[in-house]
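For reference, work35.pdb is printed below; it contains PDB, C-alpha atoms, pLDDT in the B column.
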```pdb
ATOM      1  CA  MET E   1     115.084 145.968 145.321  1.00 53.00           C
ATOM      2  CA  LYS E   2     113.845 145.989 141.726  1.00 48.00           C
ATOM      3  CA  LYS E   3     117.243 144.763 140.522  1.00 50.00           C
ATOM      4  CA  ILE E   4     117.096 141.824 142.950  1.00 52.00           C
ATOM      5  CA  ILE E   5     113.602 140.898 141.730  1.00 50.00           C
ATOM      6  CA  VAL E   6     114.740 141.049 138.102  1.00 43.00           C
ATOM      7  CA  ILE E   7     117.781 138.871 138.864  1.00 48.00           C
ATOM      8  CA  ILE E   8     115.634 136.303 140.685  1.00 49.00           C
ATOM      9  CA  PHE E   9     113.147 136.300 137.791  1.00 45.00           C
ATOM     10  CA  LEU E  10     115.921 135.688 135.241  1.00 48.00           C
ATOM     11  CA  MET E  11     117.350 132.870 137.360  1.00 52.00           C
ATOM     12  CA  VAL E  12     113.941 131.183 137.598  1.00 44.00           C
ATOM     13  CA  CYS E  13     113.455 131.488 133.801  1.00 50.00           C
ATOM     14  CA  SER E  14     116.898 129.988 133.177  1.00 50.00           C
ATOM     15  CA  LEU E  15     116.162 127.033 135.455  1.00 43.00           C
ATOM     16  CA  PHE E  16     112.795 126.478 133.728  1.00 45.00           C
ATOM     17  CA  ILE E  17     114.371 126.515 130.235  1.00 43.00           C
ATOM     18  CA  ALA E  18     117.131 124.136 131.335  1.00 45.00           C
ATOM     19  CA  SER E  19     114.527 121.795 132.799  1.00 44.00           C
ATOM     20  CA  CYS E  20     112.572 121.821 129.513  1.00 46.00           C
ATOM     21  CA  ASP E  21     115.738 121.020 127.536  1.00 46.00           C
ATOM     22  CA  VAL E  22     116.514 118.059 129.791  1.00 38.00           C
ATOM     23  CA  ASN E  23     112.959 116.737 129.469  1.00 41.00           C
ATOM     24  CA  ASN E  24     113.041 117.123 125.692  1.00 41.00           C
ATOM     25  CA  ASN E  25     116.363 115.286 125.461  1.00 41.00           C
ATOM     26  CA  ASN E  26     115.059 112.482 127.656  1.00 36.00           C
ATOM     27  CA  ASN E  27     111.930 112.164 125.536  1.00 35.00           C
ATOM     28  CA  GLN E  28     114.002 111.969 122.364  1.00 36.00           C
ATOM     29  CA  THR E  29     116.171 109.252 123.907  1.00 40.00           C
ATOM     30  CA  GLN E  30     113.247 107.222 125.236  1.00 39.00           C
ATOM     31  CA  ASP E  31     110.880 107.592 122.319  1.00 47.00           C
ATOM     32  CA  PRO E  32     112.734 108.038 119.027  1.00 65.00           C
ATOM     33  CA  SER E  33     110.500 107.878 115.977  1.00 74.00           C
ATOM     34  CA  LEU E  34     110.715 107.915 112.224  1.00 81.00           C
ATOM     35  CA  ASP E  35     107.641 108.633 110.123  1.00 75.00           C
ATOM     36  CA  GLY E  36     105.533 107.815 113.179  1.00 81.00           C
ATOM     37  CA  ILE E  37     107.362 104.495 113.754  1.00 86.00           C
ATOM     38  CA  ASP E  38     109.125 103.882 117.087  1.00 88.00           C
ATOM     39  CA  ILE E  39     112.561 102.931 115.763  1.00 86.00           C
ATOM     40  CA  SER E  40     113.772 101.856 119.203  1.00 86.00           C
ATOM     41  CA  LYS E  41     111.962  98.570 118.505  1.00 86.00           C
ATOM     42  CA  TYR E  42     114.193  97.843 115.500  1.00 89.00           C
ATOM     43  CA  GLU E  43     117.879  97.045 115.065  1.00 89.00           C
ATOM     44  CA  MET E  44     119.733  99.981 113.595  1.00 91.00           C
ATOM     45  CA  PRO E  45     121.675  99.583 110.331  1.00 92.00           C
ATOM     46  CA  GLN E  46     125.369  98.921 110.921  1.00 90.00           C
ATOM     47  CA  THR E  47     127.434 101.790 109.516  1.00 92.00           C
ATOM     48  CA  ASP E  48     130.608 101.593 111.655  1.00 92.00           C
ATOM     49  CA  PHE E  49     132.453  99.951 108.760  1.00 91.00           C
ATOM     50  CA  LEU E  50     132.469 103.333 107.000  1.00 92.00           C
ATOM     51  CA  ASN E  51     134.721 104.866 109.659  1.00 91.00           C
ATOM     52  CA  ASP E  52     136.751 102.030 111.164  1.00 90.00           C
ATOM     53  CA  GLY E  53     139.796 102.747 108.990  1.00 88.00           C
ATOM     54  CA  HIS E  54     139.937  99.556 106.907  1.00 91.00           C
ATOM     55  CA  THR E  55     139.933  99.518 103.108  1.00 93.00           C
ATOM     56  CA  LEU E  56     136.370  98.899 101.958  1.00 93.00           C
ATOM     57  CA  THR E  57     135.535  95.804  99.952  1.00 92.00           C
ATOM     58  CA  LYS E  58     133.692  96.131  96.626  1.00 92.00           C
ATOM     59  CA  LEU E  59     130.417  95.221  98.351  1.00 93.00           C
ATOM     60  CA  GLU E  60     131.039  97.766 101.104  1.00 94.00           C
ATOM     61  CA  GLU E  61     131.655 100.417  98.452  1.00 95.00           C
ATOM     62  CA  VAL E  62     128.206  99.674  97.025  1.00 95.00           C
ATOM     63  CA  MET E  63     126.674  99.717 100.510  1.00 95.00           C
ATOM     64  CA  LYS E  64     128.382 103.047 101.183  1.00 95.00           C
ATOM     65  CA  PHE E  65     126.810 104.520  98.047  1.00 96.00           C
ATOM     66  CA  ILE E  66     123.316 103.381  99.160  1.00 96.00           C
ATOM     67  CA  ILE E  67     123.837 104.773 102.674  1.00 96.00           C
ATOM     68  CA  LEU E  68     125.148 108.153 101.525  1.00 95.00           C
ATOM     69  CA  GLU E  69     122.773 108.650  98.585  1.00 95.00           C
ATOM     70  CA  GLY E  70     119.696 106.909  99.995  1.00 95.00           C
ATOM     71  CA  GLU E  71     116.991 107.988 102.432  1.00 95.00           C
ATOM     72  CA  PHE E  72     116.909 106.701 106.020  1.00 94.00           C
ATOM     73  CA  CYS E  73     113.394 105.342 106.458  1.00 94.00           C
ATOM     74  CA  TYR E  74     111.070 102.585 107.658  1.00 93.00           C
ATOM     75  CA  ASP E  75     110.106 100.040 104.982  1.00 91.00           C
ATOM     76  CA  LYS E  76     106.755  98.458 105.788  1.00 86.00           C
ATOM     77  CA  HIS E  77     107.183  95.678 103.205  1.00 83.00           C
ATOM     78  CA  LEU E  78     110.380  94.488 104.894  1.00 86.00           C
ATOM     79  CA  ASN E  79     109.279  95.663 108.359  1.00 87.00           C
ATOM     80  CA  SER E  80     112.739  97.167 108.799  1.00 90.00           C
ATOM     81  CA  ILE E  81     114.520 100.494 109.079  1.00 93.00           C
ATOM     82  CA  GLY E  82     117.439 101.259 106.819  1.00 95.00           C
ATOM     83  CA  TYR E  83     118.685 103.244 103.836  1.00 96.00           C
ATOM     84  CA  LYS E  84     116.547 103.193 100.698  1.00 96.00           C
ATOM     85  CA  TYR E  85     117.767 104.198  97.245  1.00 96.00           C
ATOM     86  CA  ILE E  86     115.112 104.262  94.518  1.00 95.00           C
ATOM     87  CA  LEU E  87     116.234 103.121  91.066  1.00 91.00           C
ATOM     88  CA  GLU E  88     112.884 103.376  89.243  1.00 90.00           C
ATOM     89  CA  GLU E  89     109.432 104.402  90.400  1.00 93.00           C
ATOM     90  CA  SER E  90     105.954 104.785  88.927  1.00 92.00           C
ATOM     91  CA  TYR E  91     102.410 104.919  90.277  1.00 89.00           C
ATOM     92  CA  ASP E  92     102.110 101.207  91.098  1.00 91.00           C
ATOM     93  CA  GLU E  93     105.667  99.868  91.069  1.00 92.00           C
ATOM     94  CA  VAL E  94     109.082 100.694  92.481  1.00 94.00           C
ATOM     95  CA  LEU E  95     112.555  99.222  92.141  1.00 93.00           C
ATOM     96  CA  TYR E  96     114.943 100.076  94.963  1.00 95.00           C
ATOM     97  CA  ALA E  97     118.008  99.054  96.976  1.00 95.00           C
ATOM     98  CA  PHE E  98     117.627  98.755 100.748  1.00 96.00           C
ATOM     99  CA  TYR E  99     120.523  98.565 103.212  1.00 96.00           C
ATOM    100  CA  HIS E 100     119.428  97.032 106.525  1.00 91.00           C
ATOM    101  CA  LEU E 101     121.848  96.035 109.320  1.00 88.00           C
ATOM    102  CA  SER E 102     124.757  94.631 107.255  1.00 86.00           C
ATOM    103  CA  GLU E 103     122.594  93.322 104.427  1.00 89.00           C
ATOM    104  CA  LEU E 104     121.813  94.838 101.034  1.00 93.00           C
ATOM    105  CA  ARG E 105     118.594  93.841  99.275  1.00 93.00           C
ATOM    106  CA  ILE E 106     117.523  94.769  95.762  1.00 93.00           C
ATOM    107  CA  ILE E 107     113.732  94.892  95.620  1.00 93.00           C
ATOM    108  CA  TYR E 108     111.041  95.106  92.962  1.00 92.00           C
ATOM    109  CA  LEU E 109     107.596  95.976  94.355  1.00 93.00           C
ATOM    110  CA  THR E 110     104.269  96.168  92.518  1.00 92.00           C
ATOM    111  CA  THR E 111     100.838  96.816  93.971  1.00 91.00           C
ATOM    112  CA  VAL E 112      97.493  95.793  92.531  1.00 90.00           C
ATOM    113  CA  GLY E 113      94.578  97.001  94.618  1.00 89.00           C
ATOM    114  CA  LYS E 114      95.101  95.666  98.135  1.00 89.00           C
ATOM    115  CA  VAL E 115      97.751  93.156  97.110  1.00 92.00           C
ATOM    116  CA  ALA E 116     101.517  93.807  97.032  1.00 93.00           C
ATOM    117  CA  HIS E 117     103.900  91.605  95.023  1.00 91.00           C
ATOM    118  CA  THR E 118     107.543  91.781  96.086  1.00 91.00           C
ATOM    119  CA  SER E 119     110.568  90.111  94.474  1.00 90.00           C
ATOM    120  CA  TYR E 120     114.065  90.578  95.864  1.00 91.00           C
ATOM    121  CA  PHE E 121     117.538  89.155  96.233  1.00 89.00           C
ATOM    122  CA  LYS E 122     120.180  89.723  98.888  1.00 88.00           C
ATOM    123  CA  LEU E 123     123.573  90.914  97.700  1.00 87.00           C
ATOM    124  CA  SER E 124     126.558  89.384  99.489  1.00 83.00           C
ATOM    125  CA  ASP E 125     130.083  88.065  98.947  1.00 81.00           C
ATOM    126  CA  ASP E 126     128.918  84.471  99.479  1.00 82.00           C
ATOM    127  CA  GLU E 127     128.735  82.019  96.586  1.00 79.00           C
ATOM    128  CA  ASP E 128     125.203  80.984  97.502  1.00 85.00           C
ATOM    129  CA  PHE E 129     122.293  83.412  97.666  1.00 88.00           C
ATOM    130  CA  SER E 130     118.497  83.309  97.739  1.00 89.00           C
ATOM    131  CA  ILE E 131     115.922  84.958  95.544  1.00 90.00           C
ATOM    132  CA  CYS E 132     112.485  85.514  96.987  1.00 90.00           C
ATOM    133  CA  HIS E 133     108.935  86.325  96.011  1.00 90.00           C
ATOM    134  CA  LYS E 134     106.324  87.555  98.475  1.00 91.00           C
ATOM    135  CA  ILE E 135     102.631  88.397  98.132  1.00 92.00           C
ATOM    136  CA  GLN E 136     101.025  90.476 100.868  1.00 92.00           C
ATOM    137  CA  TYR E 137      97.247  90.627 101.256  1.00 92.00           C
ATOM    138  CA  TYR E 138      96.213  93.796 103.065  1.00 88.00           C
ATOM    139  CA  SER E 139      92.643  92.612 103.685  1.00 83.00           C
ATOM    140  CA  GLY E 140      93.900  90.116 106.282  1.00 77.00           C
ATOM    141  CA  ARG E 141      91.545  87.388 105.068  1.00 84.00           C
ATOM    142  CA  ARG E 142      94.314  85.476 103.290  1.00 90.00           C
ATOM    143  CA  GLN E 143      97.682  84.263 104.479  1.00 92.00           C
ATOM    144  CA  ASP E 144     100.663  86.088 102.938  1.00 93.00           C
ATOM    145  CA  PHE E 145     102.525  83.995 100.378  1.00 94.00           C
ATOM    146  CA  LEU E 146     106.291  83.480 100.375  1.00 93.00           C
ATOM    147  CA  ALA E 147     108.606  81.500  98.093  1.00 93.00           C
ATOM    148  CA  ILE E 148     112.377  81.281  98.592  1.00 92.00           C
ATOM    149  CA  MET E 149     114.698  79.672  96.071  1.00 91.00           C
ATOM    150  CA  PRO E 150     118.401  79.077  96.887  1.00 91.00           C
ATOM    151  CA  CYS E 151     120.819  79.666  93.992  1.00 89.00           C
ATOM    152  CA  LYS E 152     124.498  79.730  93.099  1.00 88.00           C
ATOM    153  CA  LYS E 153     125.706  82.960  91.525  1.00 87.00           C
ATOM    154  CA  GLU E 154     127.657  81.472  88.635  1.00 84.00           C
ATOM    155  CA  GLU E 155     124.686  79.276  87.644  1.00 86.00           C
ATOM    156  CA  PHE E 156     122.010  81.929  87.794  1.00 87.00           C
ATOM    157  CA  ASN E 157     120.675  83.364  84.530  1.00 86.00           C
ATOM    158  CA  ALA E 158     117.382  84.315  82.904  1.00 84.00           C
ATOM    159  CA  SER E 159     116.349  80.655  82.449  1.00 85.00           C
ATOM    160  CA  TYR E 160     117.594  79.306  85.781  1.00 87.00           C
ATOM    161  CA  LEU E 161     115.726  76.265  87.157  1.00 84.00           C
ATOM    162  CA  GLY E 162     115.846  75.861  90.916  1.00 84.00           C
ATOM    163  CA  GLU E 163     114.180  74.049  93.793  1.00 85.00           C
ATOM    164  CA  TYR E 164     112.190  75.891  96.443  1.00 90.00           C
ATOM    165  CA  GLU E 165     113.479  75.899  99.976  1.00 90.00           C
ATOM    166  CA  LEU E 166     110.288  77.465 101.281  1.00 92.00           C
ATOM    167  CA  TYR E 167     106.899  77.712  99.631  1.00 93.00           C
ATOM    168  CA  ARG E 168     103.875  78.635 101.752  1.00 94.00           C
ATOM    169  CA  GLY E 169     100.717  80.727 102.041  1.00 94.00           C
ATOM    170  CA  TYR E 170      97.710  81.486  99.859  1.00 94.00           C
ATOM    171  CA  ASN E 171      98.463  81.358  96.145  1.00 90.00           C
ATOM    172  CA  THR E 172      96.499  80.620  92.977  1.00 89.00           C
ATOM    173  CA  GLN E 173      99.517  80.191  90.681  1.00 88.00           C
ATOM    174  CA  THR E 174     101.495  77.002  90.064  1.00 90.00           C
ATOM    175  CA  LYS E 175     105.065  76.595  91.286  1.00 88.00           C
ATOM    176  CA  GLU E 176     106.209  76.790  87.668  1.00 88.00           C
ATOM    177  CA  GLU E 177     104.468  80.152  87.214  1.00 89.00           C
ATOM    178  CA  ILE E 178     105.937  81.515  90.439  1.00 88.00           C
ATOM    179  CA  ASN E 179     109.342  80.111  89.478  1.00 88.00           C
ATOM    180  CA  LYS E 180     109.259  81.934  86.146  1.00 87.00           C
ATOM    181  CA  LYS E 181     108.153  85.190  87.774  1.00 85.00           C
ATOM    182  CA  ILE E 182     110.910  84.993  90.387  1.00 86.00           C
ATOM    183  CA  ILE E 183     113.608  84.335  87.791  1.00 88.00           C
ATOM    184  CA  GLU E 184     112.482  86.939  85.254  1.00 87.00           C
ATOM    185  CA  GLN E 185     111.920  89.717  87.762  1.00 85.00           C
ATOM    186  CA  ASN E 186     115.109  89.152  89.702  1.00 88.00           C
ATOM    187  CA  TYR E 187     117.217  88.878  86.566  1.00 88.00           C
ATOM    188  CA  LYS E 188     115.709  92.188  85.432  1.00 87.00           C
ATOM    189  CA  ILE E 189     116.435  93.667  88.870  1.00 89.00           C
ATOM    190  CA  MET E 190     120.060  92.534  88.705  1.00 90.00           C
ATOM    191  CA  ASN E 191     120.621  94.074  85.286  1.00 90.00           C
ATOM    192  CA  LEU E 192     119.081  97.409  86.269  1.00 90.00           C
ATOM    193  CA  PHE E 193     121.044  97.547  89.521  1.00 92.00           C
ATOM    194  CA  ASN E 194     124.217  96.443  87.740  1.00 93.00           C
ATOM    195  CA  ASN E 195     123.919  99.359  85.294  1.00 93.00           C
ATOM    196  CA  LEU E 196     123.453 101.768  88.195  1.00 91.00           C
ATOM    197  CA  ILE E 197     126.472 100.717  90.242  1.00 93.00           C
ATOM    198  CA  LYS E 198     128.711 100.541  87.160  1.00 94.00           C
ATOM    199  CA  GLU E 199     127.794 104.136  86.403  1.00 94.00           C
ATOM    200  CA  GLU E 200     127.874 105.480  89.970  1.00 93.00           C
ATOM    201  CA  VAL E 201     130.680 103.570  91.713  1.00 94.00           C
ATOM    202  CA  ASN E 202     132.380 101.774  88.802  1.00 95.00           C
ATOM    203  CA  ILE E 203     131.611  98.328  90.200  1.00 94.00           C
ATOM    204  CA  SER E 204     129.876  95.469  88.382  1.00 93.00           C
ATOM    205  CA  LEU E 205     127.900  92.554  89.806  1.00 91.00           C
ATOM    206  CA  SER E 206     130.370  90.317  87.978  1.00 89.00           C
ATOM    207  CA  GLU E 207     132.811  91.281  90.736  1.00 89.00           C
ATOM    208  CA  PHE E 208     130.445  89.495  93.141  1.00 86.00           C
ATOM    209  CA  GLY E 209     130.212  86.391  90.951  1.00 86.00           C
ATOM    210  CA  PHE E 210     127.074  87.157  88.896  1.00 87.00           C
ATOM    211  CA  ASN E 211     127.478  86.481  85.167  1.00 80.00           C
ATOM    212  CA  ILE E 212     124.991  88.987  83.758  1.00 75.00           C
ATOM    213  CA  ASP E 213     127.238  91.377  81.788  1.00 61.00           C
TER     214      ASP E 213
END
```
Translate this structure into structure tokens?
Amino acid sequence: MKKIIVIIFLMVCSLFIASCDVNNNNNQTQDPSLDGIDISKYEMPQTDFLNDGHTLTKLEEVMKFIILEGEFCYDKHLNSIGYKYILEESYDEVLYAFYHLSELRIIYLTTVGKVAHTSYFKLSDDEDFSICHKIQYYSGRRQDFLAIMPCKKEEFNASYLGEYELYRGYNTQTKEEINKKIIEQNYKIMNLFNNLIKEEVNISLSEFGFNID
């Protein structure tokens, strides 16, 4: 009789544990999170190209490096999830590459009090690209500022003069001042990133059409 009771007890425990495992798996499927962020609300980065059997392009080789060496995280400044590789970092500024979906952005972020200044460009195989500057006001009393300037790779350099495609939000600087900041910061970003990928994956931005070597 005791043996039967023990067997029944073990069977009940096994069923209870199995039920807990199923519930846990369901919870993980229904409510995935990353750093407290529900990532089910965001599009996942596309990484199938790493395993589909084709020979990677130069850009895909760079993207592969960021994915493998970077950290999978949520970026509040881009409001996106992806792979982040930090190039330089200090107390109030950071320079990093961010792979999101099938897009690679190189970003320079500085913070002053409750204001964040972000400059970035999107790396692609296209001839045309855009460089951007964004100012985020955490107080909520001012509208975030955004400027986007379309460029052509072979024309872009440290003294590039371009026309804004989008220019909006609260800002106390002139367009000329913002223009200069966008150009200087993004040219600096390109050079720093170029040195990194030449060292790590033996690829230069010149292979994407940028004349900065």
- Query: So, counting all atoms listed in the file, which residue among E:Leu161, E:Ile39, E:Ile67, E:Val62 is closest to E:Ser204?
  - Reply: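 Selected residue with least distance to E:Ser204: E:Val62.
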- E:Ile189: which residues within 9 Å, counting only C-alpha atoms, same-chain residues fewer than 2 positions away excluded, as a list of chain:residue names?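 Returned residues: E:Leu95, E:Tyr96, E:Ile106, E:Ile107, E:Tyr108, E:Ser119, E:Tyr120, E:Phe121, E:Glu184, E:Gln185, E:Asn186, E:Tyr187, E:Asn191, E:Leu192, E:Phe193, E:Asn194.
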- Item | Pick from E:Ser80, E:Tyr164, E:Leu109, E:His117 nearest to E:Lys41, counting all atoms listed in the file |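 Among the listed residues, E:Ser80 lies closest to E:Lys41.
Our summary of the geometry notes that atom CA of E:Phe72 is positioned 6.4 Å from atom CA of E:Lys84.
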Return as a PDB file with C-alpha atoms, in the frame of the given file the set of residues that the PyMOL selection byres ((chain E and resi 46) around 12) yields on the displayed structure.
```pdb
ATOM      1  CA  GLU E  43     117.879  97.045 115.065  1.00 89.00           C
ATOM      2  CA  MET E  44     119.733  99.981 113.595  1.00 91.00           C
ATOM      3  CA  PRO E  45     121.675  99.583 110.331  1.00 92.00           C
ATOM      4  CA  THR E  47     127.434 101.790 109.516  1.00 92.00           C
ATOM      5  CA  ASP E  48     130.608 101.593 111.655  1.00 92.00           C
ATOM      6  CA  PHE E  49     132.453  99.951 108.760  1.00 91.00           C
ATOM      7  CA  LEU E  50     132.469 103.333 107.000  1.00 92.00           C
ATOM      8  CA  ASN E  51     134.721 104.866 109.659  1.00 91.00           C
ATOM      9  CA  ASP E  52     136.751 102.030 111.164  1.00 90.00           C
ATOM     10  CA  GLU E  60     131.039  97.766 101.104  1.00 94.00           C
ATOM     11  CA  MET E  63     126.674  99.717 100.510  1.00 95.00           C
ATOM     12  CA  LYS E  64     128.382 103.047 101.183  1.00 95.00           C
ATOM     13  CA  ILE E  67     123.837 104.773 102.674  1.00 96.00           C
ATOM     14  CA  ILE E  81     114.520 100.494 109.079  1.00 93.00           C
ATOM     15  CA  GLY E  82     117.439 101.259 106.819  1.00 95.00           C
ATOM     16  CA  TYR E  83     118.685 103.244 103.836  1.00 96.00           C
ATOM     17  CA  TYR E  99     120.523  98.565 103.212  1.00 96.00           C
ATOM     18  CA  HIS E 100     119.428  97.032 106.525  1.00 91.00           C
ATOM     19  CA  LEU E 101     121.848  96.035 109.320  1.00 88.00           C
ATOM     20  CA  SER E 102     124.757  94.631 107.255  1.00 86.00           C
ATOM     21  CA  GLU E 103     122.594  93.322 104.427  1.00 89.00           C
ATOM     22  CA  LEU E 104     121.813  94.838 101.034  1.00 93.00           C
TER      23      LEU E 104
END
```
- Please write the residues picked by the PyMOL selection byres ((chain E and resi 116) around 9) on this file as a PyMOL selection string. chain E and resi 77+109-115+117-118+134-138
- If you measure from atom CA of E:Lys180 to atom CA of E:Ser159, what distance in Å do you get, rounded to one decimal?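 If I compute the distance from atom CA of E:Lys180 to atom CA of E:Ser159, I get 8.1 Å.
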- Task: Compile the contact shell of E:Ala147 as a list in words: residues with an atom at most 9 Å away, counting all atoms listed in the file, same-chain residues fewer than 6 positions apart removed.
- Result: Ile131, Cys132, His133, Lys134, Tyr164, Glu165, Leu166, Tyr167, Arg168, Gly169, Ile178, Asn179 and Ile182 of chain E
- Query: What is the atom CA of E:Asp35-atom CA of E:Ile86 distance in Å, reported with one decimal?
  - Reply: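 These atoms are spaced 17.8 Å apart.
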- Item | Minimum-distance residue to E:Ile148, chosen among E:Tyr42, E:Tyr91, E:Phe129, E:Phe208 (using all atoms listed in the file) | E:Phe129
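Nearest residue to E:Gln143 among E:Lys122, E:Glu61, E:Asn171, E:Tyr85 is E:Asn171, counting all atoms listed in the file.
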- Item | Given only C-alpha atoms as the counted atoms, nearest of E:Lys58, E:Tyr74, E:Ser90, E:Gly53 to E:Ser40 |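 Smallest separation from E:Ser40 among the options: E:Tyr74.
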- Message: Show me the residues around (129.2, 90.6, 92.3) - criterion: an atom at most 8 Å away, all atoms listed in the file counted - as a ChimeraX atom specification.
- Response: /E:59,123-125,204-210
Selected residues written out with C-alpha atoms, as an mmCIF file, in the coordinates of the input:
```cif
data_model
loop_
_atom_site.group_PDB
_atom_site.id
_atom_site.type_symbol
_atom_site.label_atom_id
_atom_site.label_comp_id
_atom_site.auth_asym_id
_atom_site.auth_seq_id
_atom_site.Cartn_x
_atom_site.Cartn_y
_atom_site.Cartn_z
ATOM 1 C CA LEU E 59 130.417 95.221 98.351
ATOM 2 C CA LEU E 123 123.573 90.914 97.700
ATOM 3 C CA SER E 124 126.558 89.384 99.489
ATOM 4 C CA ASP E 125 130.083 88.065 98.947
ATOM 5 C CA SER E 204 129.876 95.469 88.382
ATOM 6 C CA LEU E 205 127.900 92.554 89.806
ATOM 7 C CA SER E 206 130.370 90.317 87.978
ATOM 8 C CA GLU E 207 132.811 91.281 90.736
ATOM 9 C CA PHE E 208 130.445 89.495 93.141
ATOM 10 C CA GLY E 209 130.212 86.391 90.951
ATOM 11 C CA PHE E 210 127.074 87.157 88.896
#
```
